[in-house]
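So this block is my_file.cif, mmCIF, C-alpha atoms and all ligand atoms:
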```
data_start
loop_
_atom_site.group_PDB
_atom_site.id
_atom_site.type_symbol
_atom_site.label_atom_id
_atom_site.label_comp_id
_atom_site.auth_asym_id
_atom_site.auth_seq_id
_atom_site.Cartn_x
_atom_site.Cartn_y
_atom_site.Cartn_z
ATOM 1 C CA MET R 428 -2.193 7.731 6.579
ATOM 2 C CA PRO R 429 0.110 4.956 7.751
ATOM 3 C CA SER R 430 3.232 4.352 5.736
ATOM 4 C CA ILE R 431 4.803 1.145 4.508
ATOM 5 C CA ARG R 432 8.457 0.818 3.575
ATOM 6 C CA PHE R 433 9.130 -1.856 0.972
ATOM 7 C CA ILE R 434 12.667 -3.083 0.428
ATOM 8 C CA GLN R 435 13.239 -4.909 -2.843
ATOM 9 C CA ALA R 436 15.496 -7.943 -3.134
ATOM 10 C CA ASP R 437 18.113 -5.690 -4.775
ATOM 11 C CA GLY R 438 18.139 -3.407 -1.747
ATOM 12 C CA SER R 439 16.248 -0.499 -3.282
ATOM 13 C CA SER R 440 13.359 0.786 -1.238
ATOM 14 C CA ARG R 441 10.121 2.681 -1.622
ATOM 15 C CA GLU R 442 7.728 4.133 0.893
ATOM 16 C CA LEU R 443 3.969 4.265 0.321
ATOM 17 C CA ASN R 444 1.182 5.836 2.323
ATOM 18 C CA THR R 445 -2.146 4.085 2.375
ATOM 19 C CA PRO R 446 -5.473 4.575 4.126
ATOM 20 C CA ASP R 447 -6.363 2.601 7.256
ATOM 21 C CA GLY R 448 -7.984 -0.711 6.412
ATOM 22 C CA THR R 449 -6.189 -1.134 3.106
ATOM 23 C CA SER R 450 -4.184 -4.310 2.788
ATOM 24 C CA VAL R 451 -0.470 -4.079 2.134
ATOM 25 C CA MET R 452 -1.066 -5.930 -1.127
ATOM 26 C CA GLN R 453 -3.703 -3.394 -2.238
ATOM 27 C CA ALA R 454 -1.348 -0.537 -1.437
ATOM 28 C CA ALA R 455 1.448 -2.152 -3.429
ATOM 29 C CA MET R 456 -0.719 -2.951 -6.434
ATOM 30 C CA GLY R 457 -2.297 0.492 -6.444
ATOM 31 C CA ALA R 458 1.148 2.056 -6.611
ATOM 32 C CA GLY R 459 2.426 -0.324 -9.290
ATOM 33 C CA LEU R 460 5.103 -1.650 -6.985
ATOM 34 C CA GLN R 461 7.300 -4.302 -8.560
ATOM 35 C CA GLY R 462 7.629 -7.548 -6.649
ATOM 36 C CA ILE R 463 4.019 -8.200 -5.645
ATOM 37 C CA VAL R 464 1.953 -10.209 -8.144
ATOM 38 C CA ALA R 465 -1.248 -10.992 -6.211
ATOM 39 C CA GLU R 466 -2.701 -13.428 -8.728
ATOM 40 C CA CYS R 467 -5.724 -14.292 -6.607
ATOM 41 C CA GLY R 468 -6.654 -10.709 -5.836
ATOM 42 C CA GLY R 469 -6.313 -11.025 -2.088
ATOM 43 C CA SER R 470 -8.098 -14.255 -1.231
ATOM 44 C CA ALA R 471 -5.094 -15.982 0.373
ATOM 45 C CA MET R 472 -5.115 -18.498 -2.478
ATOM 46 C CA CYS R 473 -1.935 -17.838 -4.451
ATOM 47 C CA ALA R 474 1.043 -16.830 -2.248
ATOM 48 C CA THR R 475 2.281 -14.389 -4.902
ATOM 49 C CA CYS R 476 1.980 -11.501 -2.460
ATOM 50 C CA HIS R 477 4.583 -12.994 -0.125
ATOM 51 C CA VAL R 478 6.612 -10.565 2.008
ATOM 52 C CA TYR R 479 9.175 -10.853 4.772
ATOM 53 C CA VAL R 480 8.163 -8.693 7.715
ATOM 54 C CA ASP R 481 11.058 -6.901 9.364
ATOM 55 C CA GLU R 482 11.775 -8.624 12.661
ATOM 56 C CA ALA R 483 11.097 -5.450 14.622
ATOM 57 C CA TRP R 484 7.531 -5.521 13.305
ATOM 58 C CA ALA R 485 6.750 -9.210 13.080
ATOM 59 C CA ASP R 486 5.304 -9.518 16.585
ATOM 60 C CA ARG R 487 3.039 -6.525 16.110
ATOM 61 C CA LEU R 488 0.954 -8.229 13.454
ATOM 62 C CA PRO R 489 -2.054 -10.369 14.313
ATOM 63 C CA ALA R 490 -1.225 -14.043 14.045
ATOM 64 C CA ALA R 491 -1.742 -15.626 10.649
ATOM 65 C CA LEU R 492 -4.931 -17.636 10.266
ATOM 66 C CA ALA R 493 -4.928 -21.246 9.121
ATOM 67 C CA ASN R 494 -5.572 -20.431 5.457
ATOM 68 C CA GLU R 495 -2.646 -18.003 5.368
ATOM 69 C CA LEU R 496 -0.326 -20.498 7.061
ATOM 70 C CA GLU R 497 -1.363 -23.166 4.587
ATOM 71 C CA MET R 498 -0.694 -20.920 1.599
ATOM 72 C CA LEU R 499 2.692 -19.876 2.992
ATOM 73 C CA GLU R 500 3.735 -23.474 2.320
ATOM 74 C CA CYS R 501 3.507 -22.604 -1.382
ATOM 75 C CA THR R 502 5.757 -19.544 -1.675
ATOM 76 C CA ALA R 503 8.114 -19.447 -4.661
ATOM 77 C CA SER R 504 10.916 -17.975 -2.561
ATOM 78 C CA GLU R 505 12.085 -19.476 0.683
ATOM 79 C CA ARG R 506 9.628 -19.221 3.542
ATOM 80 C CA LEU R 507 11.149 -17.585 6.608
ATOM 81 C CA PRO R 508 9.794 -17.264 10.160
ATOM 82 C CA THR R 509 8.643 -13.726 9.350
ATOM 83 C CA SER R 510 6.979 -14.626 6.042
ATOM 84 C CA ARG R 511 3.433 -13.339 5.598
ATOM 85 C CA LEU R 512 0.933 -12.835 2.808
ATOM 86 C CA SER R 513 0.668 -9.110 2.222
ATOM 87 C CA CYS R 514 -3.006 -9.388 1.291
ATOM 88 C CA GLN R 515 -3.699 -10.489 4.845
ATOM 89 C CA ILE R 516 -1.976 -7.507 6.494
ATOM 90 C CA LYS R 517 -4.450 -4.686 7.039
ATOM 91 C CA MET R 518 -2.852 -1.320 7.591
ATOM 92 C CA SER R 519 -3.663 0.786 10.637
ATOM 93 C CA ALA R 520 -2.035 3.538 12.654
ATOM 94 C CA ALA R 521 -0.433 0.827 14.800
ATOM 95 C CA LEU R 522 1.505 -0.373 11.747
ATOM 96 C CA ASP R 523 2.645 3.080 10.628
ATOM 97 C CA GLY R 524 6.215 2.740 9.384
ATOM 98 C CA ILE R 525 6.189 -1.036 8.977
ATOM 99 C CA VAL R 526 9.162 -2.391 7.024
ATOM 100 C CA LEU R 527 8.642 -5.270 4.583
ATOM 101 C CA ARG R 528 11.181 -7.040 2.394
ATOM 102 C CA LEU R 529 10.172 -8.487 -0.920
ATOM 103 C CA PRO R 530 11.354 -11.925 -1.968
ATOM 104 C CA ALA R 531 13.489 -12.371 -5.077
ATOM 105 C CA THR R 532 10.608 -13.996 -6.926
ATOM 106 C CA GLN R 533 6.891 -14.647 -6.466
ATOM 107 C CA GLN R 534 6.489 -17.283 -9.159
HETATM 108 S S1 LIG S 1 -2.977 -12.002 -3.280
HETATM 109 FE FE1 LIG S 1 -3.110 -14.133 -3.453
HETATM 110 S S2 LIG S 1 -2.490 -14.837 -1.528
HETATM 111 FE FE2 LIG S 1 -2.354 -12.689 -1.347
#
```

What do you get writing this file as structure tokens?
Amino acid sequence: MPSIRFIQADGSSRELNTPDGTSVMQAAMGAGLQGIVAECGGSAMCATCHVYVDEAWADRLPAALANELEMLECTASERLPTSRLSCQIKMSAALDGIVLRLPATQQ
């Protein structure tokens, strides 16, 4: 199963393994990870699943669709060039080991 490394705003980190096809948000919520709220349940309608993708991984993700880009305008923490909605990142073997930083706040 591909792994995801989450780095919290305080620098602590946690690694999760999740089946192919699971979204990063689903993996985080299933593990009770702090820092992802996911109010809308994964519909790209809330921006409370915001993550910063490590620069080494950012180009390996499919481009964000229009609805994701629109919602990224509404993040509680600063939007950066590598900002994505974790509910829109589907895990696969190609993303094994991806590193994601969590913003200081989601709301
Ligand atoms: S869970 Fe709401 S936008 Fe991702």

Take every atom of ligand LIG 1 (chain S) listed in the file, fit an axis-aligned box around them, add 5 Å per side, and give the centre and edge lengths in Å to one decimal as AutoDock Vina command-line options.
```
--center_x -2.7 --center_y -13.4 --center_z -2.4 --size_x 10.8 --size_y 12.8 --size_z 12.1
```

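For the residues R:Leu499, R:Met452, R:Val478, R:Val526, ranking by smallest atom-to-atom distance to R:Ser430 using all atoms listed in the file places R:Val526 first.
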
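Remark: for R:Ala474, the closest of the candidate residues R:Ala454, R:Leu488, R:Cys514, R:Ala493 is R:Cys514 (distances computed over only C-alpha atoms).
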
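Taking atom CA of R:Ile434 as the reference point, atom CA of R:Leu529 is found at 6.1 Å.
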
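Considering all atoms listed in the file, every residue of the polymer chains approaching ligand LIG 1 (chain S) to 6 Å or closer is listed here: Ala465, Glu466, Cys467, Gly468, Gly469, Ser470, Ala471, Met472, Cys473, Ala474, Thr475, Cys476, Leu512, Ser513 and Cys514 of chain R.
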
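Nearest to R:Pro429 of all the residues R:Pro489, R:Gly462, R:Gly448, R:Pro508 is R:Gly448, based on only C-alpha atoms.
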
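With all atoms listed in the file as the atoms that count, the minimum distance from R:Phe433 to the choices R:Asn494, R:Ser504, R:Thr509, R:Gln461 is reached by R:Gln461.
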
Subject >> Expansion of the PyMOL selection byres (((chain R and resi 458) around 12) and not hetatm) into residues, as an MDAnalysis selection string >> reply: chainID R and resid 431 433 441:445 451:457 459:463
